[in-house]
Structure formats: C-alpha cells, structure tokens
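Please read the structure below before turning to the comments.
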Amino acid sequence: MNRLPRNDLDKNILVFCSHPDDLDISMGGSVAKFSKEGNNIVVVIFSYGELSHLKEEIIKTKREREARNSGRVLGYNDIQFFGLPDSKISSKIEEMGIKDKIKELIIKYKPIKVFTHNPSDPMPDHNTVNSVVIKAIKELKTRIPLYGFDVWNLYNLKERDRPLYFVDISDTFWTKVKALSMFKTQLHVMLYFLPIVFLRAKFAGRKNHCKYAERFYRLL
C-alpha cells in the first residue's frame, strides 16, 4: 500500500467534474462550507461545455469566466481545465493522458477527500469522468476517500446500498444559489435545475436532521 506523504497543515479537497456548472449544481453548498472551514478546494473541469452555444470558441471563454466567478462566490479560486471536447470526453481520455494527469494532481495536492460524479449518472461524459478518476486512485493504491455526487438524479436508486455521507449546508445553501446565478449563459439550464437543487437539499436535510444538506455516496 502506497501512503502519500501529507502535511497536516494542508487540507486540500479535489473535485473532478465534466462541465463548469456540475460542481455548483451537485455540491456547491458543501464546497462553500468546506472553504469556510479552512479547506483548500481544487476543482478540475474536463470540458468547457462548449456545445451549449453555436459559437464554441466564444462560449469557452464565457463559461470559464463564469466558473471562476462562481468559485469566488463559493470561496475558492484554484480551477483547472483539461479542455476535452464536450459530449466526447471519452474519445480523448487516453490520447491526452488524463489518467496520469489525475494521478499527478493527487500526488501534488495530497487531498483529504476527492469528489466526482456517481457511476449511475445518465450522462456519458459524467460516467467517463467517474471511471477515469476511480482507475487513477486505484492505481495509486492509496486510501483517499472518494465520494460521488449526483447532477441529473433527483433520487439515486442504483447507489442506495453504498455508504452515505451528508454535509449540512443550512448556512451555505443560498451561497450555492448565488453561485449558480453566475452562469449567465446557462440561464435556461439553471431554471430547470433550481427545483431539483432545492428538493434534493430538503430531502437530504431531512435525512441529516437539518434544514438543507447535500448527499454523497462513498465510492472508494
């Protein structure tokens, strides 16, 4: 078993997601809370989500700016983009050496937690990110806990037998909503997701005996 050296003063948390707004929809409240508690959040985004606009090069710039604005709202500014093609992330994973890049980031930051998409998410790009992150962590043979989040699922039946991890976001729920409002180019998407975000937070809050919470599944 490889044990990565860790400085006890470093409290890094790594988040791997497919598109710029995936983090905000799924775990924005948790990230805001982790940041307030003194953790350093490092966000790695695989694709700019450029297919959401006809002028792809223009939207890449705008979506990166929106992600950075959202990060400032949530309390972090370390955002890295892999620049893989939207909806075709799987086609470039091996060519761009993404698994090795993930391993390098884990070795560099020595995170106390890692978050990524749940394997049951219906979007192929999300499945691909989940798969490559799991492979990278397994190859490193470390005991870093990996947690899965939902973007599209209101309730997750396929993961129901996995250990659960709840984060009380009662104090940061509206910070999450403010962060979501930074994605001006995705207003139509946010209007769809806001009811889901609210309902998930309320359901998870009931399970966790608080007003609002976010639910994660232990993957490793």
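Naming scheme: A, B, ... for chains in displayed order of the structure tokens; residues 1 onward per chain; ligands 1 onward as shown.
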>> So that I can see what lies close to range 97-111 of chain A, please list as a ChimeraX atom specification the residues with an atom at most 12 Å from it, counting only C-alpha atoms and leaving out residues fewer than 6 positions away in the same chain.
In response: /A:2-17,39-46,78,80-84,89-91,128-146
> Mind checking DSSP for range 15-152 of chain A and telling me the helix (DSSP H, G or I) residues as JSON, numbers by chain?
Replying inline: {"A": [22, 23, 24, 25, 26, 27, 28, 29, 30, 31, 32, 33, 34, 35, 36, 50, 51, 52, 56, 57, 58, 59, 60, 61, 62, 63, 64, 65, 66, 67, 68, 69, 70, 71, 72, 73, 74, 89, 90, 91, 92, 98, 99, 100, 101, 102, 103, 104, 105, 106, 107, 108, 109, 124, 125, 126, 127, 128, 129, 130, 131, 132, 133, 134, 135, 136, 137, 138, 139, 140]}
>> I need the residue nearest His126 in chain A from this list: A:Ser170, A:Thr61, A:Asn156, A:Ser87. Use only C-alpha atoms for the distance.
In response: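 Among A:Ser170, A:Thr61, A:Asn156, A:Ser87, it is A:Ser87 that comes nearest to His126 in chain A.
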> For the atom pair CA of Gly38 in chain A and CA of Trp174 in chain A, what is the interatomic distance in Å to one decimal place?
Replying inline: 19.4 Å
> Nearest to Ile196 in chain A among A:Phe149, A:Phe183, A:Phe173, A:Tyr155, with distances taken over only C-alpha atoms: which residue is it?
Replying inline: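 Between A:Phe149, A:Phe183, A:Phe173, A:Tyr155, the residue approaching Ile196 in chain A most closely is A:Tyr155.
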List every residue of range 19-198 of chain A that DSSP, applied to the backbone, labels as strand (DSSP E), and write the result as a tab-separated table (two decimals) with N, CA and C atoms, in the first residue's frame.
```tsv
chain	number	residue	atom	x	y	z
A	40	ASN	N	-8.70	23.96	1.33
A	40	ASN	CA	-8.35	24.48	0.02
A	40	ASN	C	-9.02	23.61	-1.04
A	41	ILE	N	-9.91	24.18	-1.82
A	41	ILE	CA	-10.66	23.43	-2.83
A	41	ILE	C	-9.97	23.55	-4.18
A	42	VAL	N	-9.70	22.42	-4.80
A	42	VAL	CA	-9.09	22.38	-6.13
A	42	VAL	C	-10.09	21.71	-7.07
A	43	VAL	N	-10.51	22.43	-8.08
A	43	VAL	CA	-11.55	21.95	-8.99
A	43	VAL	C	-10.95	21.68	-10.37
A	44	VAL	N	-11.17	20.49	-10.88
A	44	VAL	CA	-10.66	20.11	-12.20
A	44	VAL	C	-11.87	19.84	-13.10
A	45	ILE	N	-11.99	20.60	-14.17
A	45	ILE	CA	-13.13	20.51	-15.07
A	45	ILE	C	-12.66	19.96	-16.42
A	46	PHE	N	-13.26	18.87	-16.85
A	46	PHE	CA	-12.79	18.17	-18.05
A	46	PHE	C	-13.13	18.90	-19.34
A	47	SER	N	-14.31	19.51	-19.42
A	47	SER	CA	-14.76	20.15	-20.66
A	47	SER	C	-15.33	21.53	-20.36
A	78	ASP	N	-8.87	27.95	-7.25
A	78	ASP	CA	-7.99	27.01	-7.96
A	78	ASP	C	-8.84	26.14	-8.89
A	79	ILE	N	-8.96	26.56	-10.15
A	79	ILE	CA	-9.74	25.85	-11.15
A	79	ILE	C	-8.84	25.49	-12.32
A	80	GLN	N	-8.88	24.24	-12.72
A	80	GLN	CA	-8.07	23.79	-13.85
A	80	GLN	C	-8.97	23.13	-14.88
A	81	PHE	N	-8.72	23.42	-16.15
A	81	PHE	CA	-9.49	22.84	-17.25
A	81	PHE	C	-8.62	21.89	-18.06
A	82	PHE	N	-9.14	20.70	-18.33
A	82	PHE	CA	-8.44	19.77	-19.20
A	82	PHE	C	-8.71	20.07	-20.68
A	83	GLY	N	-9.84	20.72	-20.97
A	83	GLY	CA	-10.14	21.13	-22.34
A	83	GLY	C	-10.55	20.01	-23.27
A	84	LEU	N	-11.16	18.95	-22.73
A	84	LEU	CA	-11.63	17.85	-23.58
A	84	LEU	C	-12.92	18.25	-24.29
A	113	LYS	N	-9.94	14.44	0.80
A	113	LYS	CA	-11.15	13.89	0.18
A	113	LYS	C	-11.09	14.17	-1.32
A	114	VAL	N	-11.72	13.29	-2.09
A	114	VAL	CA	-11.88	13.52	-3.53
A	114	VAL	C	-13.36	13.31	-3.87
A	115	PHE	N	-13.89	14.16	-4.73
A	115	PHE	CA	-15.28	14.07	-5.17
A	115	PHE	C	-15.33	13.98	-6.69
A	116	THR	N	-16.29	13.20	-7.19
A	116	THR	CA	-16.54	13.15	-8.63
A	116	THR	C	-17.97	12.66	-8.87
A	117	HIS	N	-18.32	12.47	-10.14
A	117	HIS	CA	-19.67	12.04	-10.50
A	117	HIS	C	-19.96	10.61	-10.00
A	146	LEU	N	-13.07	8.54	-1.71
A	146	LEU	CA	-13.68	9.11	-2.92
A	146	LEU	C	-15.19	9.10	-2.74
A	147	TYR	N	-15.82	10.25	-2.98
A	147	TYR	CA	-17.27	10.39	-2.84
A	147	TYR	C	-17.89	10.77	-4.18
A	148	GLY	N	-19.07	10.24	-4.43
A	148	GLY	CA	-19.79	10.51	-5.67
A	148	GLY	C	-20.95	11.46	-5.44
A	149	PHE	N	-21.17	12.36	-6.40
A	149	PHE	CA	-22.29	13.29	-6.33
A	149	PHE	C	-23.21	13.11	-7.53
A	164	LEU	N	-23.38	6.34	2.90
A	164	LEU	CA	-23.78	7.71	2.65
A	164	LEU	C	-22.93	8.69	3.45
A	165	TYR	N	-22.76	9.87	2.88
A	165	TYR	CA	-22.05	10.96	3.56
A	165	TYR	C	-22.89	12.22	3.33
A	166	PHE	N	-23.37	12.82	4.41
A	166	PHE	CA	-24.18	14.03	4.33
A	166	PHE	C	-23.38	15.23	4.81
A	167	VAL	N	-23.58	16.36	4.14
A	167	VAL	CA	-22.98	17.62	4.58
A	167	VAL	C	-24.11	18.61	4.84
A	168	ASP	N	-24.16	19.14	6.05
A	168	ASP	CA	-25.17	20.13	6.42
A	168	ASP	C	-24.82	21.45	5.73
```
> How many Å lie between CA of Arg218 in chain A and CA of Asp161 in chain A, rounded to one decimal?
Replying inline: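 Rounded to one decimal, the two atoms are 10.0 Å apart.
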> From the list A:Gly205, A:Phe34, A:Met27, A:Gln186, which residue is nearest Ile112 in chain A when using only C-alpha atoms?
Replying inline: A:Phe34
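The spacing separating CA of Ser181 in chain A from CA of Glu37 in chain A amounts to 23.3 Å.
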>> Could you check the closest approach to Lys88 in chain A for each of A:Asp171, A:Glu50, A:Asp24, A:Asp125 and tell me which residue wins, using only C-alpha atoms?
In response: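 The answer is A:Asp125, which sits nearest to Lys88 in chain A.
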> If you count only C-alpha atoms, which residues fall within 12 Å of Leu199 in chain A, apart from same-chain ones fewer than 3 positions away, as a PyMOL selection string?
Replying inline: chain A and resi 153-155+173+193-196+202-206+211-215
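The shortest atom-to-atom distance to Ser30 in chain A, with only C-alpha atoms taken into account, belongs to A:Thr172 out of A:Thr172, A:Val197, A:Lys184, A:Val73.
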